[in-house]
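The structure file my_file-v4.pdb is reproduced below (PDB, C-alpha atoms).
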```pdb
ATOM      1  CA  MET A   1     263.694 -43.228  25.867
ATOM      2  CA  THR A   2     265.040 -46.561  27.150
ATOM      3  CA  ASN A   3     264.808 -49.849  25.289
ATOM      4  CA  LYS A   4     262.453 -51.147  27.964
ATOM      5  CA  GLU A   5     260.001 -48.305  27.319
ATOM      6  CA  LEU A   6     260.036 -49.150  23.609
ATOM      7  CA  LEU A   7     259.101 -52.812  23.983
ATOM      8  CA  PRO A   8     255.676 -53.737  22.548
ATOM      9  CA  LYS A   9     252.712 -52.874  24.792
ATOM     10  CA  MET A  10     251.237 -56.371  24.850
ATOM     11  CA  GLY A  11     250.866 -57.129  28.546
ATOM     12  CA  LYS A  12     247.187 -57.974  27.986
ATOM     13  CA  VAL A  13     246.110 -59.159  24.545
ATOM     14  CA  LEU A  14     242.522 -59.676  23.359
ATOM     15  CA  ILE A  15     241.760 -62.059  20.472
ATOM     16  CA  PRO A  16     238.099 -62.105  19.310
ATOM     17  CA  ILE A  17     237.272 -65.254  17.347
ATOM     18  CA  GLU A  18     234.464 -66.911  15.467
ATOM     19  CA  GLU A  19     234.211 -70.079  13.413
ATOM     20  CA  SER A  20     235.844 -68.836  10.209
ATOM     21  CA  VAL A  21     239.008 -68.966   8.155
ATOM     22  CA  CYS A  22     239.657 -65.333   9.074
ATOM     23  CA  SER A  23     239.706 -66.108  12.797
ATOM     24  CA  GLU A  24     241.996 -69.063  12.188
ATOM     25  CA  GLN A  25     244.423 -66.766  10.371
ATOM     26  CA  ALA A  26     244.290 -64.309  13.267
ATOM     27  CA  LEU A  27     245.062 -67.092  15.757
ATOM     28  CA  ILE A  28     248.059 -68.252  13.741
ATOM     29  CA  PHE A  29     249.445 -64.714  13.492
ATOM     30  CA  ALA A  30     248.821 -64.077  17.204
ATOM     31  CA  GLY A  31     250.427 -67.362  18.190
ATOM     32  CA  CYS A  32     253.496 -66.761  16.033
ATOM     33  CA  LEU A  33     253.915 -63.223  17.339
ATOM     34  CA  LEU A  34     253.198 -63.801  21.034
ATOM     35  CA  ALA A  35     255.242 -67.012  21.266
ATOM     36  CA  ARG A  36     258.315 -65.005  20.291
ATOM     37  CA  LEU A  37     257.767 -62.439  23.045
ATOM     38  CA  SER A  38     259.073 -62.991  26.543
ATOM     39  CA  PRO A  39     256.671 -63.625  29.461
ATOM     40  CA  GLU A  40     257.770 -60.274  30.849
ATOM     41  CA  ILE A  41     256.181 -58.575  27.834
ATOM     42  CA  THR A  42     252.978 -60.614  27.504
ATOM     43  CA  GLN A  43     251.315 -61.804  30.713
ATOM     44  CA  GLU A  44     247.687 -62.486  29.693
ATOM     45  CA  VAL A  45     245.989 -63.514  26.456
ATOM     46  CA  TRP A  46     242.190 -63.630  26.322
ATOM     47  CA  VAL A  47     240.295 -65.422  23.567
ATOM     48  CA  VAL A  48     236.691 -64.198  23.344
ATOM     49  CA  HIS A  49     233.592 -65.010  21.334
ATOM     50  CA  VAL A  50     230.597 -62.691  21.090
ATOM     51  CA  LEU A  51     227.107 -64.174  20.861
ATOM     52  CA  SER A  52     225.270 -61.686  18.674
ATOM     53  CA  ALA A  53     221.684 -61.270  17.508
ATOM     54  CA  THR A  54     222.519 -63.377  14.436
ATOM     55  CA  TYR A  55     222.442 -66.644  16.311
ATOM     56  CA  LEU A  56     219.271 -65.589  18.171
ATOM     57  CA  GLN A  57     217.535 -64.970  14.858
ATOM     58  CA  THR A  58     218.650 -68.372  13.588
ATOM     59  CA  MET A  59     217.145 -70.045  16.650
ATOM     60  CA  ALA A  60     213.939 -68.086  16.271
ATOM     61  CA  GLN A  61     213.550 -69.079  12.621
ATOM     62  CA  ARG A  62     214.054 -72.735  13.415
ATOM     63  CA  LEU A  63     211.385 -72.641  16.095
ATOM     64  CA  ASP A  64     209.049 -70.228  14.286
ATOM     65  CA  PHE A  65     209.162 -67.685  17.142
ATOM     66  CA  ARG A  66     210.027 -64.003  17.266
ATOM     67  CA  VAL A  67     213.379 -63.278  18.970
ATOM     68  CA  GLU A  68     211.778 -60.791  21.353
ATOM     69  CA  VAL A  69     209.434 -63.486  22.671
ATOM     70  CA  LEU A  70     211.896 -66.339  22.598
ATOM     71  CA  LYS A  71     214.811 -64.722  24.387
ATOM     72  CA  ASP A  72     213.037 -64.446  27.750
ATOM     73  CA  THR A  73     211.805 -68.026  27.859
ATOM     74  CA  ALA A  74     213.212 -71.069  29.602
ATOM     75  CA  LEU A  75     213.365 -72.736  26.185
ATOM     76  CA  PHE A  76     215.689 -70.067  24.876
ATOM     77  CA  ARG A  77     217.937 -70.293  27.930
ATOM     78  CA  SER A  78     218.193 -74.024  27.399
ATOM     79  CA  LEU A  79     218.976 -73.593  23.708
ATOM     80  CA  ARG A  80     221.622 -71.008  24.520
ATOM     81  CA  GLU A  81     223.327 -73.265  27.047
ATOM     82  CA  ASN A  82     223.334 -76.142  24.554
ATOM     83  CA  TYR A  83     224.765 -73.856  21.882
ATOM     84  CA  LEU A  84     227.509 -72.709  24.246
ATOM     85  CA  LYS A  85     228.307 -76.282  25.249
ATOM     86  CA  GLU A  86     228.262 -77.753  21.754
ATOM     87  CA  LYS A  87     229.718 -74.894  19.676
ATOM     88  CA  VAL A  88     231.233 -71.986  21.564
ATOM     89  CA  TYR A  89     233.221 -73.578  24.399
ATOM     90  CA  PRO A  90     234.842 -76.156  22.069
ATOM     91  CA  LEU A  91     235.726 -73.294  19.702
ATOM     92  CA  LEU A  92     237.405 -71.357  22.533
ATOM     93  CA  ASP A  93     239.181 -74.433  23.911
ATOM     94  CA  LYS A  94     240.500 -75.307  20.455
ATOM     95  CA  ALA A  95     241.822 -71.752  20.093
ATOM     96  CA  LEU A  96     243.641 -71.951  23.434
ATOM     97  CA  ASP A  97     245.138 -75.306  22.453
ATOM     98  CA  GLU A  98     246.349 -73.824  19.188
ATOM     99  CA  LEU A  99     248.035 -70.903  20.949
ATOM    100  CA  ARG A 100     249.762 -73.329  23.319
ATOM    101  CA  ALA A 101     250.886 -75.482  20.388
ATOM    102  CA  LEU A 102     252.410 -72.425  18.743
ATOM    103  CA  GLY A 103     254.400 -71.793  21.930
ATOM    104  CA  VAL A 104     252.527 -68.987  23.694
ATOM    105  CA  LYS A 105     253.593 -69.036  27.350
ATOM    106  CA  ALA A 106     251.317 -66.314  28.721
ATOM    107  CA  ASP A 107     248.352 -66.999  30.982
ATOM    108  CA  LEU A 108     245.575 -68.021  28.557
ATOM    109  CA  LYS A 109     241.940 -67.231  29.341
ATOM    110  CA  LYS A 110     238.572 -67.437  27.565
ATOM    111  CA  GLU A 111     235.371 -65.393  27.741
ATOM    112  CA  VAL A 112     231.918 -65.331  26.144
ATOM    113  CA  LEU A 113     230.269 -61.949  25.567
ATOM    114  CA  HIS A 114     226.694 -61.166  24.520
ATOM    115  CA  GLY A 115     225.543 -58.351  22.249
ATOM    116  CA  ASP A 116     226.836 -56.366  19.302
ATOM    117  CA  PRO A 117     230.308 -57.789  18.498
ATOM    118  CA  ALA A 118     232.100 -54.503  17.809
ATOM    119  CA  LYS A 119     230.635 -52.736  20.845
ATOM    120  CA  GLU A 120     231.352 -55.633  23.193
ATOM    121  CA  ILE A 121     234.928 -56.075  21.992
ATOM    122  CA  ILE A 122     235.645 -52.355  22.336
ATOM    123  CA  LYS A 123     234.039 -52.279  25.782
ATOM    124  CA  MET A 124     236.094 -55.243  26.992
ATOM    125  CA  ALA A 125     239.301 -53.764  25.564
ATOM    126  CA  GLN A 126     238.702 -50.415  27.253
ATOM    127  CA  GLU A 127     237.386 -51.605  30.605
ATOM    128  CA  GLY A 128     239.766 -54.541  30.867
ATOM    129  CA  GLY A 129     242.902 -52.508  30.245
ATOM    130  CA  PHE A 130     243.912 -54.448  27.140
ATOM    131  CA  GLN A 131     246.824 -52.940  25.238
ATOM    132  CA  THR A 132     246.506 -54.944  22.031
ATOM    133  CA  VAL A 133     243.630 -56.466  20.052
ATOM    134  CA  ILE A 134     244.397 -59.056  17.362
ATOM    135  CA  MET A 135     241.591 -60.157  15.048
ATOM    136  CA  GLY A 136     240.808 -61.373  11.545
ATOM    137  CA  ARG A 137     239.981 -58.922   8.799
ATOM    138  CA  ARG A 138     236.351 -59.948   8.704
ATOM    139  CA  GLY A 139     233.968 -59.818  11.630
ATOM    140  CA  LEU A 140     231.425 -62.056   9.930
ATOM    141  CA  SER A 141     232.508 -64.412   7.169
ATOM    142  CA  CYS A 142     235.086 -63.377   4.594
ATOM    143  CA  LEU A 143     232.372 -63.229   1.930
ATOM    144  CA  LYS A 144     229.497 -61.752   3.961
ATOM    145  CA  GLU A 145     231.639 -58.860   5.219
ATOM    146  CA  LYS A 146     231.733 -57.274   1.783
ATOM    147  CA  PHE A 147     227.965 -56.834   1.951
ATOM    148  CA  LEU A 148     227.170 -56.501   5.648
ATOM    149  CA  GLY A 149     230.108 -54.575   7.085
ATOM    150  CA  SER A 150     233.030 -55.599   9.258
ATOM    151  CA  CYS A 151     233.352 -55.838  13.001
ATOM    152  CA  SER A 152     237.138 -55.683  12.637
ATOM    153  CA  LEU A 153     236.991 -52.344  10.828
ATOM    154  CA  ALA A 154     234.639 -50.922  13.459
ATOM    155  CA  VAL A 155     236.953 -52.012  16.286
ATOM    156  CA  SER A 156     240.076 -50.652  14.592
ATOM    157  CA  HIS A 157     238.595 -47.192  14.027
ATOM    158  CA  ARG A 158     237.019 -46.685  17.452
ATOM    159  CA  SER A 159     239.105 -44.477  19.709
ATOM    160  CA  GLY A 160     240.883 -46.113  22.610
ATOM    161  CA  SER A 161     244.290 -46.771  24.081
ATOM    162  CA  HIS A 162     244.730 -50.199  22.488
ATOM    163  CA  THR A 163     246.652 -51.063  19.330
ATOM    164  CA  THR A 164     244.682 -53.138  16.821
ATOM    165  CA  TYR A 165     246.247 -55.764  14.563
ATOM    166  CA  ILE A 166     243.945 -56.718  11.684
ATOM    167  CA  VAL A 167     245.381 -59.934  10.275
ATOM    168  CA  GLY A 168     245.659 -60.340   6.518
ATOM    169  CA  GLN A 169     244.613 -63.247   4.363
ATOM    170  CA  LYS A 170     248.134 -64.260   3.370
ATOM    171  CA  ILE A 171     248.441 -66.228   6.620
ATOM    172  CA  LYS A 172     248.110 -69.825   5.452
ATOM    173  CA  ASP A 173     249.967 -72.122   7.824
ATOM    174  CA  HIS A 174     251.898 -72.381  11.078
ATOM    175  CA  THR A 175     255.387 -71.777   9.677
ATOM    176  CA  CYS A 176     255.734 -68.345  11.355
ATOM    177  CA  PRO A 177     257.931 -66.486   8.830
ATOM    178  CA  PRO A 178     260.045 -63.508   9.932
ATOM    179  CA  LEU A 179     258.286 -60.156   9.977
ATOM    180  CA  LYS A 180     259.011 -57.649   7.229
ATOM    181  CA  ILE A 181     257.572 -54.344   8.409
ATOM    182  CA  VAL A 182     256.742 -51.241   6.415
ATOM    183  CA  VAL A 183     256.054 -48.019   8.319
ATOM    184  CA  PRO A 184     254.498 -45.191   6.272
ATOM    185  CA  VAL A 185     255.721 -41.884   7.727
ATOM    186  CA  ASP A 186     254.507 -38.342   7.128
ATOM    187  CA  GLY A 187     256.117 -36.520  10.042
ATOM    188  CA  SER A 188     252.954 -36.631  12.146
ATOM    189  CA  LYS A 189     252.671 -37.774  15.753
ATOM    190  CA  PRO A 190     250.722 -40.920  14.738
ATOM    191  CA  SER A 191     253.457 -41.940  12.300
ATOM    192  CA  LEU A 192     256.030 -41.503  15.083
ATOM    193  CA  GLY A 193     253.893 -43.832  17.203
ATOM    194  CA  ALA A 194     253.983 -46.372  14.378
ATOM    195  CA  LEU A 195     257.780 -46.096  14.236
ATOM    196  CA  LYS A 196     258.003 -46.765  17.981
ATOM    197  CA  GLU A 197     255.794 -49.860  17.648
ATOM    198  CA  ALA A 198     257.916 -51.209  14.797
ATOM    199  CA  SER A 199     261.121 -50.436  16.691
ATOM    200  CA  GLY A 200     259.776 -52.176  19.776
ATOM    201  CA  LEU A 201     258.985 -55.294  17.763
ATOM    202  CA  ALA A 202     262.444 -55.231  16.223
ATOM    203  CA  LEU A 203     264.034 -55.041  19.680
ATOM    204  CA  ALA A 204     261.802 -57.716  21.212
ATOM    205  CA  LEU A 205     261.909 -60.177  18.310
ATOM    206  CA  ASP A 206     265.510 -59.586  17.175
ATOM    207  CA  ASP A 207     266.259 -61.978  14.290
ATOM    208  CA  LYS A 208     262.549 -62.710  13.810
ATOM    209  CA  VAL A 209     262.252 -59.274  12.157
ATOM    210  CA  GLU A 210     263.918 -59.294   8.752
ATOM    211  CA  ALA A 211     263.468 -55.654   7.762
ATOM    212  CA  VAL A 212     261.889 -52.344   8.776
ATOM    213  CA  SER A 213     261.232 -49.979   5.887
ATOM    214  CA  LEU A 214     260.317 -46.334   6.367
ATOM    215  CA  LEU A 215     258.158 -45.228   3.451
ATOM    216  CA  HIS A 216     257.055 -41.728   2.502
ATOM    217  CA  VAL A 217     254.508 -41.227  -0.260
ATOM    218  CA  ILE A 218     254.378 -37.904  -2.069
ATOM    219  CA  ASP A 219     250.727 -37.347  -2.916
ATOM    220  CA  ALA A 220     250.543 -36.865  -6.670
ATOM    221  CA  ALA A 221     247.193 -35.126  -6.391
ATOM    222  CA  TYR A 222     248.628 -32.155  -4.494
ATOM    223  CA  GLU A 223     252.404 -32.098  -4.818
ATOM    224  CA  LEU A 224     253.333 -32.544  -8.497
ATOM    225  CA  ASP A 225     253.750 -28.803  -9.097
ATOM    226  CA  HIS A 226     256.553 -28.722  -6.529
ATOM    227  CA  LEU A 227     257.952 -32.227  -6.967
ATOM    228  CA  PRO A 228     261.711 -31.492  -6.674
ATOM    229  CA  GLU A 229     261.160 -29.619  -3.400
ATOM    230  CA  ARG A 230     258.879 -32.368  -2.069
ATOM    231  CA  ILE A 231     261.447 -35.058  -2.863
ATOM    232  CA  GLU A 232     264.126 -33.189  -0.927
ATOM    233  CA  GLU A 233     261.722 -32.695   1.977
ATOM    234  CA  ALA A 234     260.883 -36.408   1.889
ATOM    235  CA  LYS A 235     264.554 -37.387   1.998
ATOM    236  CA  LYS A 236     265.118 -35.132   5.000
ATOM    237  CA  LEU A 237     262.042 -36.510   6.787
ATOM    238  CA  LEU A 238     263.095 -40.111   6.200
ATOM    239  CA  GLU A 239     266.595 -39.425   7.502
ATOM    240  CA  GLU A 240     265.107 -37.914  10.661
ATOM    241  CA  PHE A 241     262.915 -40.969  11.211
ATOM    242  CA  LYS A 242     265.794 -43.319  10.428
ATOM    243  CA  ASP A 243     267.940 -41.525  13.011
ATOM    244  CA  LYS A 244     265.129 -41.957  15.551
ATOM    245  CA  ALA A 245     264.929 -45.678  14.811
ATOM    246  CA  LEU A 246     268.705 -46.010  15.209
ATOM    247  CA  SER A 247     268.520 -44.133  18.517
ATOM    248  CA  TYR A 248     265.847 -46.608  19.637
ATOM    249  CA  GLY A 249     268.322 -49.435  18.994
ATOM    250  CA  VAL A 250     267.097 -50.804  15.666
ATOM    251  CA  PRO A 251     270.124 -52.267  13.798
ATOM    252  CA  GLN A 252     271.188 -50.220  10.773
ATOM    253  CA  GLY A 253     271.249 -53.328   8.584
ATOM    254  CA  MET A 254     267.560 -53.879   9.297
ATOM    255  CA  LEU A 255     266.520 -50.374   8.199
ATOM    256  CA  ARG A 256     265.747 -49.004   4.764
ATOM    257  CA  THR A 257     264.004 -45.899   3.428
ATOM    258  CA  ASP A 258     261.950 -45.417   0.282
ATOM    259  CA  ILE A 259     259.968 -42.697  -1.493
ATOM    260  CA  ARG A 260     256.969 -43.322  -3.737
ATOM    261  CA  ILE A 261     254.862 -40.867  -5.746
ATOM    262  CA  GLY A 262     251.136 -41.371  -6.184
ATOM    263  CA  ARG A 263     248.010 -41.883  -4.125
ATOM    264  CA  PRO A 264     249.241 -42.679  -0.586
ATOM    265  CA  ALA A 265     247.038 -45.667   0.247
ATOM    266  CA  SER A 266     247.503 -47.319  -3.152
ATOM    267  CA  GLU A 267     251.252 -46.742  -3.113
ATOM    268  CA  ILE A 268     251.624 -48.167   0.397
ATOM    269  CA  ILE A 269     249.810 -51.352  -0.616
ATOM    270  CA  SER A 270     251.687 -51.667  -3.923
ATOM    271  CA  TYR A 271     254.999 -51.158  -2.158
ATOM    272  CA  ALA A 272     254.257 -53.830   0.446
ATOM    273  CA  SER A 273     253.261 -56.269  -2.280
ATOM    274  CA  GLU A 274     256.186 -55.583  -4.613
ATOM    275  CA  GLU A 275     258.805 -55.669  -1.844
ATOM    276  CA  GLY A 276     257.437 -58.707  -0.007
ATOM    277  CA  PHE A 277     256.430 -57.064   3.283
ATOM    278  CA  ASN A 278     253.886 -58.827   5.493
ATOM    279  CA  LEU A 279     253.104 -56.220   8.170
ATOM    280  CA  ILE A 280     252.071 -52.582   7.700
ATOM    281  CA  ILE A 281     252.215 -50.481  10.872
ATOM    282  CA  MET A 282     250.436 -47.118  10.787
ATOM    283  CA  GLY A 283     249.222 -44.408  13.106
ATOM    284  CA  ARG A 284     245.461 -44.456  13.493
ATOM    285  CA  ARG A 285     245.170 -41.036  11.875
ATOM    286  CA  GLY A 286     247.260 -39.903   8.909
ATOM    287  CA  LEU A 287     245.433 -36.565   8.872
ATOM    288  CA  THR A 288     243.848 -34.559  11.635
ATOM    289  CA  GLY A 289     240.647 -32.770  12.502
ATOM    290  CA  LEU A 290     238.545 -31.398   9.642
ATOM    291  CA  LYS A 291     240.964 -32.626   6.966
ATOM    292  CA  GLU A 292     240.499 -36.213   8.097
ATOM    293  CA  LEU A 293     236.740 -35.910   7.859
ATOM    294  CA  ILE A 294     236.817 -34.368   4.378
ATOM    295  CA  LEU A 295     239.654 -36.263   2.712
ATOM    296  CA  GLY A 296     239.468 -39.528   4.594
ATOM    297  CA  SER A 297     242.221 -41.205   6.579
ATOM    298  CA  VAL A 298     245.043 -42.913   4.697
ATOM    299  CA  SER A 299     245.128 -45.588   7.387
ATOM    300  CA  SER A 300     241.407 -46.278   6.831
ATOM    301  CA  LYS A 301     241.922 -46.718   3.101
ATOM    302  CA  VAL A 302     244.895 -49.011   3.602
ATOM    303  CA  LEU A 303     242.960 -51.128   6.074
ATOM    304  CA  HIS A 304     240.026 -51.459   3.671
ATOM    305  CA  LYS A 305     242.119 -52.336   0.634
ATOM    306  CA  ALA A 306     245.140 -54.258   1.968
ATOM    307  CA  GLU A 307     243.317 -57.549   2.370
ATOM    308  CA  ASP A 308     246.405 -59.750   2.056
ATOM    309  CA  PHE A 309     248.498 -57.942   4.650
ATOM    310  CA  THR A 310     248.338 -57.624   8.386
ATOM    311  CA  VAL A 311     247.767 -53.974   9.275
ATOM    312  CA  ALA A 312     248.499 -52.627  12.761
ATOM    313  CA  LEU A 313     246.821 -49.360  13.725
ATOM    314  CA  ILE A 314     248.606 -47.677  16.608
ATOM    315  CA  SER A 315     246.665 -45.793  19.232
ATOM    316  CA  GLU A 316     247.375 -42.081  19.602
TER     317      GLU A 316
END
```
This entry written out as structure tokens:
Amino acid sequence: MTNKELLPKMGKVLIPIEESVCSEQALIFAGCLLARLSPEITQEVWVVHVLSATYLQTMAQRLDFRVEVLKDTALFRSLRENYLKEKVYPLLDKALDELRALGVKADLKKEVLHGDPAKEIIKMAQEGGFQTVIMGRRGLSCLKEKFLGSCSLAVSHRSGSHTTYIVGQKIKDHTCPPLKIVVPVDGSKPSLGALKEASGLALALDDKVEAVSLLHVIDAAYELDHLPERIEEAKKLLEEFKDKALSYGVPQGMLRTDIRIGRPASEIISYASEEGFNLIIMGRRGLTGLKELILGSVSSKVLHKAEDFTVALISE
């Protein structure tokens, strides 16, 4: 595999936004990341906003009409156009200005979609040939998501060929710190995909990546009876993945390996917090087939619980 084949697949990037702190954090992360990539890597960046049923219901309540009646009227069309003009287009234009200010040189575009946010984002990503989606952790507001569900989680778990970056809540300003990446590995094909993504970022960003750590967690629930053997197996696995990273061109001084024992998702999050990492890159599935349905995916649990960190889920 050549270095060129390893570079991040970010030719077309989709950034869904809304008026929230979470979207602002996603824009800052996207701007910091994409500004550091060459124009040969990233050609187009689309900022999109989805008009959902929520705003229709708000209009209907204000006017004391049912949505089903209101939405087909000239009054509704007028209200929608005013809402777009006064709220949505300024929001999109501000986002584009922010990306430019952060140094993004790609062709910047904006789009308004209508319908269910998760479905429309996934549809646009699939039909538009987008390779990467970057969005805030919450698809509604940071508070409401805990009760109503998250568009970002729905997008990240839907199958597709795009990689999804769900931006954490530690993003506070525009200082753009170096990336410190942790890659949980279990020997599976998805974890190899995560290693390739991390290696590609290291090659493309060079000194903007401070460290890449390969982490293997021995599951205490199943492996304690054979712990010495599992530790030796883990060391061998990590050496194999480290050798792959070196063969990809990642500098040896950037790489480290670690073993933790415990519940995988909790240990991954604890490790990232204790060691000061700001990006967790994982394969979309840590298990396969029936096991994933019964036991749950480690990547799903990390995404749900790692609120402070940016989590990238790599497409299979």
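Counting from atom CA of A:Glu18, the distance to atom CA of A:Thr42 is 23.0 Å.
Counting from atom CA of A:Ser52, the distance to atom CA of A:Met124 is 15.1 Å.
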Could I get the residues of stretch 227-309 of chain A with an atom no further than 12 Å from an atom of stretch 20-35 of chain A, each paired with its nearest atom pair and that distance in Å to one decimal, using all atoms listed in the file, sorted by chain and residue number, as a Markdown table?
```
| residue | atom | partner | partner_atom | distance |
| --- | --- | --- | --- | --- |
| A:Asn278 | CA | A:Phe29 | CA | 10.9 |
| A:Leu279 | CA | A:Phe29 | CA | 10.7 |
| A:Glu307 | CA | A:Cys22 | CA | 10.9 |
| A:Asp308 | CA | A:Gln25 | CA | 11.1 |
| A:Phe309 | CA | A:Phe29 | CA | 11.2 |
```
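Among the candidates A:Leu6, A:Leu214, A:Ile166, A:Leu238, the residue lying nearest to A:Gly136 is A:Ile166 (atoms considered: all atoms listed in the file).
Rounded to one decimal, atom CA of A:Leu51 and atom CA of A:His304 lie 25.0 Å from each other.
With the shown file loaded, the PyMOL selection byres ((chain A and resi 178) around 10) picks out Cys32, Leu33, Thr175, Cys176, Pro177, Leu179, Lys180, Ile181, Leu205, Asp206, Asp207, Lys208, Val209, Glu210, Ala211, Phe277 and Asn278 of chain A.
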Margin query: List the spatial neighbours of A:Val47 as JSON, numbers by chain - criterion: any atom at most 12 Å away, all atoms listed in the file, same-chain residues fewer than 4 positions off excluded.
Written below: {"A": [12, 13, 14, 15, 16, 17, 18, 23, 26, 27, 30, 31, 88, 89, 91, 92, 93, 94, 95, 96, 97, 98, 99, 107, 108, 109, 110, 111, 112, 113, 121, 124, 125, 133, 134, 135]}
